[in-house]
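These notes are about the structure you will find just below.
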Amino acid sequence: MNKNVLELTSGNFDQEVLQSDKPVLIDFWASWCMPCRMVAPTIESLADEYVDKAKICKVNVDDQPDLAGKFGIMSIPTVVVIKDGKVTAKSVGAQSKQAYSDMLAR
C-alpha cells in the first residue's frame, strides 16, 4: 500500500481523524470488493497529490466493523470526508478522482 495512505483502526481513529488539523478522506473498503479495488489506485493517487494538504485514509470494514458501524456504512466503497471532526461529504460507490477532489475542497 502507498506510504501516504494511512490505515485506520479504532485505536488510532481519534488521534488521526478527530484531532487532525487537515481534512481527512476515508475510504471504507474490503479486499473482496471489486469496485473497492477499482477505486484503490485513485485513492493512492490522491494521497500523493494531497500529501501536505489532507490525510488520505482507508478502513477495512472486515477488520474494523466498529468504525464502519459508527459511520453507518451499508455498502462499499464509501468515501467520507471529515473536517474539524465533522463529516462534510460522503459518497457511495466508485467515483472519479475529480469527484473525490471536489469532496475535499468543500
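Note on naming: chains are A, B, ... as they come in the C-alpha cells, residues start from 1 per chain, ligands start from 1 in the order shown.
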
Just want the 8 Å neighbourhood of segment 39-45 of chain A, counted on only C-alpha atoms, with same-chain residues fewer than 5 positions away dropped. Output as number ranges by chain. A: 2, 4-5, 27, 56, 77, 94-97

Give me, as number ranges by chain, all polymer residues having an atom no more than 10 Å from Phe71 of chain A, counting only C-alpha atoms and skipping those fewer than 4 positions away in the same chain. A: 28, 66-67, 78, 80, 87, 90

How would you write, as a PyMOL selection string, the set of residues in chain A that DSSP gives as strand (DSSP E or B)? chain A and resi 5-7+24-29+55-60+78-83+86-92

Could you turn the residues from that selection into a file that holds N, CA and C atoms, as a short mmCIF file (atom, residue, chain, number, x, y, z; two decimals), in the first residue's frame?
```cif
data_model
loop_
_atom_site.label_atom_id
_atom_site.label_comp_id
_atom_site.auth_asym_id
_atom_site.auth_seq_id
_atom_site.Cartn_x
_atom_site.Cartn_y
_atom_site.Cartn_z
N VAL A 5 -0.92 6.63 2.38
CA VAL A 5 -2.27 6.23 2.77
C VAL A 5 -2.19 5.62 4.16
N LEU A 6 -2.99 6.14 5.06
CA LEU A 6 -2.96 5.70 6.45
C LEU A 6 -4.08 4.68 6.70
N GLU A 7 -3.73 3.55 7.27
CA GLU A 7 -4.72 2.52 7.62
C GLU A 7 -5.29 2.88 8.99
N VAL A 24 -9.70 15.06 6.30
CA VAL A 24 -9.38 13.63 6.25
C VAL A 24 -10.37 12.94 5.31
N LEU A 25 -9.85 12.27 4.29
CA LEU A 25 -10.67 11.48 3.39
C LEU A 25 -10.50 10.02 3.80
N ILE A 26 -11.62 9.35 4.05
CA ILE A 26 -11.58 7.95 4.48
C ILE A 26 -12.29 7.08 3.44
N ASP A 27 -11.56 6.09 2.96
CA ASP A 27 -12.10 5.11 2.02
C ASP A 27 -12.46 3.85 2.81
N PHE A 28 -13.75 3.55 2.92
CA PHE A 28 -14.21 2.31 3.55
C PHE A 28 -14.26 1.24 2.47
N TRP A 29 -13.55 0.14 2.68
CA TRP A 29 -13.35 -0.87 1.63
C TRP A 29 -13.23 -2.26 2.24
N LYS A 55 -5.25 14.31 4.89
CA LYS A 55 -4.90 12.92 5.21
C LYS A 55 -5.80 12.02 4.38
N ILE A 56 -5.21 11.04 3.74
CA ILE A 56 -5.96 10.07 2.96
C ILE A 56 -5.84 8.73 3.70
N CYS A 57 -6.99 8.19 4.08
CA CYS A 57 -7.01 7.01 4.94
C CYS A 57 -7.91 5.93 4.36
N LYS A 58 -7.68 4.70 4.84
CA LYS A 58 -8.52 3.57 4.45
C LYS A 58 -8.97 2.83 5.71
N VAL A 59 -10.19 2.32 5.65
CA VAL A 59 -10.72 1.47 6.72
C VAL A 59 -11.21 0.18 6.08
N ASN A 60 -10.59 -0.93 6.46
CA ASN A 60 -11.06 -2.24 6.00
C ASN A 60 -12.27 -2.60 6.87
N THR A 78 -17.40 3.27 0.19
CA THR A 78 -17.96 4.54 0.65
C THR A 78 -16.78 5.41 1.05
N VAL A 79 -16.81 6.64 0.58
CA VAL A 79 -15.76 7.61 0.91
C VAL A 79 -16.39 8.74 1.71
N VAL A 80 -15.75 9.06 2.84
CA VAL A 80 -16.24 10.10 3.74
C VAL A 80 -15.12 11.13 3.91
N VAL A 81 -15.49 12.41 3.92
CA VAL A 81 -14.52 13.47 4.23
C VAL A 81 -14.93 14.10 5.56
N ILE A 82 -13.94 14.22 6.45
CA ILE A 82 -14.16 14.80 7.77
C ILE A 82 -13.25 16.01 7.93
N LYS A 83 -13.86 17.13 8.35
CA LYS A 83 -13.10 18.34 8.65
C LYS A 83 -13.51 18.80 10.04
N LYS A 86 -16.10 16.75 11.87
CA LYS A 86 -17.46 16.60 11.33
C LYS A 86 -17.42 16.10 9.89
N VAL A 87 -18.38 15.24 9.55
CA VAL A 87 -18.49 14.74 8.17
C VAL A 87 -18.98 15.89 7.29
N THR A 88 -18.21 16.21 6.26
CA THR A 88 -18.59 17.28 5.34
C THR A 88 -19.04 16.76 3.98
N ALA A 89 -18.70 15.51 3.67
CA ALA A 89 -19.08 14.92 2.39
C ALA A 89 -19.05 13.40 2.50
N LYS A 90 -19.93 12.74 1.74
CA LYS A 90 -19.98 11.28 1.74
C LYS A 90 -20.47 10.82 0.38
N SER A 91 -19.80 9.81 -0.18
CA SER A 91 -20.26 9.25 -1.45
C SER A 91 -20.18 7.73 -1.38
N VAL A 92 -21.15 7.09 -2.01
CA VAL A 92 -21.22 5.63 -2.04
C VAL A 92 -21.02 5.19 -3.48
#
```

Per DSSP on the backbone, what are the helix (DSSP H, G or I) residues of chain A, as a ChimeraX atom specification? /A:13-18,34-49,65-70,97-105

Can you write just those residues out, C-alpha atoms, as a short mmCIF file (atom, residue, chain, number, x, y, z; two decimals), in the first residue's frame?
```cif
data_model
loop_
_atom_site.label_atom_id
_atom_site.label_comp_id
_atom_site.auth_asym_id
_atom_site.auth_seq_id
_atom_site.Cartn_x
_atom_site.Cartn_y
_atom_site.Cartn_z
CA PHE A 13 -9.01 6.92 14.79
CA ASP A 14 -9.47 9.74 17.32
CA GLN A 15 -5.88 10.94 17.03
CA GLU A 16 -5.60 10.66 13.24
CA VAL A 17 -9.09 11.85 12.27
CA LEU A 18 -10.92 13.73 15.01
CA MET A 34 -14.23 -5.39 -6.83
CA PRO A 35 -15.38 -1.72 -7.03
CA CYS A 36 -13.14 -1.04 -3.98
CA ARG A 37 -10.19 -2.44 -5.88
CA MET A 38 -11.05 -0.20 -8.82
CA VAL A 39 -11.06 2.87 -6.55
CA ALA A 40 -7.78 1.98 -4.78
CA PRO A 41 -5.39 3.48 -7.39
CA THR A 42 -7.44 6.69 -7.38
CA ILE A 43 -7.22 6.92 -3.59
CA GLU A 44 -3.46 6.29 -3.71
CA SER A 45 -3.04 8.97 -6.38
CA LEU A 46 -4.94 11.45 -4.18
CA ALA A 47 -2.68 10.54 -1.26
CA ASP A 48 0.37 11.56 -3.29
CA GLU A 49 -1.29 14.73 -4.57
CA PRO A 65 -16.61 -3.28 11.88
CA ASP A 66 -16.97 -0.81 14.76
CA LEU A 67 -15.72 2.09 12.61
CA ALA A 68 -17.93 1.02 9.71
CA GLY A 69 -20.89 0.94 12.09
CA LYS A 70 -20.04 4.36 13.53
CA LYS A 97 -10.64 11.31 -8.87
CA GLN A 98 -12.18 14.72 -9.59
CA ALA A 99 -15.26 13.85 -7.53
CA TYR A 100 -13.07 12.95 -4.52
CA SER A 101 -11.01 16.14 -5.00
CA ASP A 102 -14.23 18.14 -5.05
CA MET A 103 -15.30 16.48 -1.79
CA LEU A 104 -12.01 17.54 -0.17
CA ALA A 105 -12.43 21.09 -1.47
#
```

Of the residues A:Cys33, A:Pro23, A:Ile73, A:Ser10, which is the one nearest to Lys53 of chain A, using only C-alpha atoms? A:Pro23

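Computed from the coordinates, the atom CA of Ser75 of chain A to atom CA of Ser31 of chain A distance equals 13.5 Å.
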
So the first atom is atom CA of Gly93 of chain A and the second is atom CA of Asp63 of chain A; what is the distance between them in Å, to one decimal place? 19.8 Å

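Note that atom CA of Arg106 of chain A and atom CA of Val61 of chain A are 25.4 Å apart.
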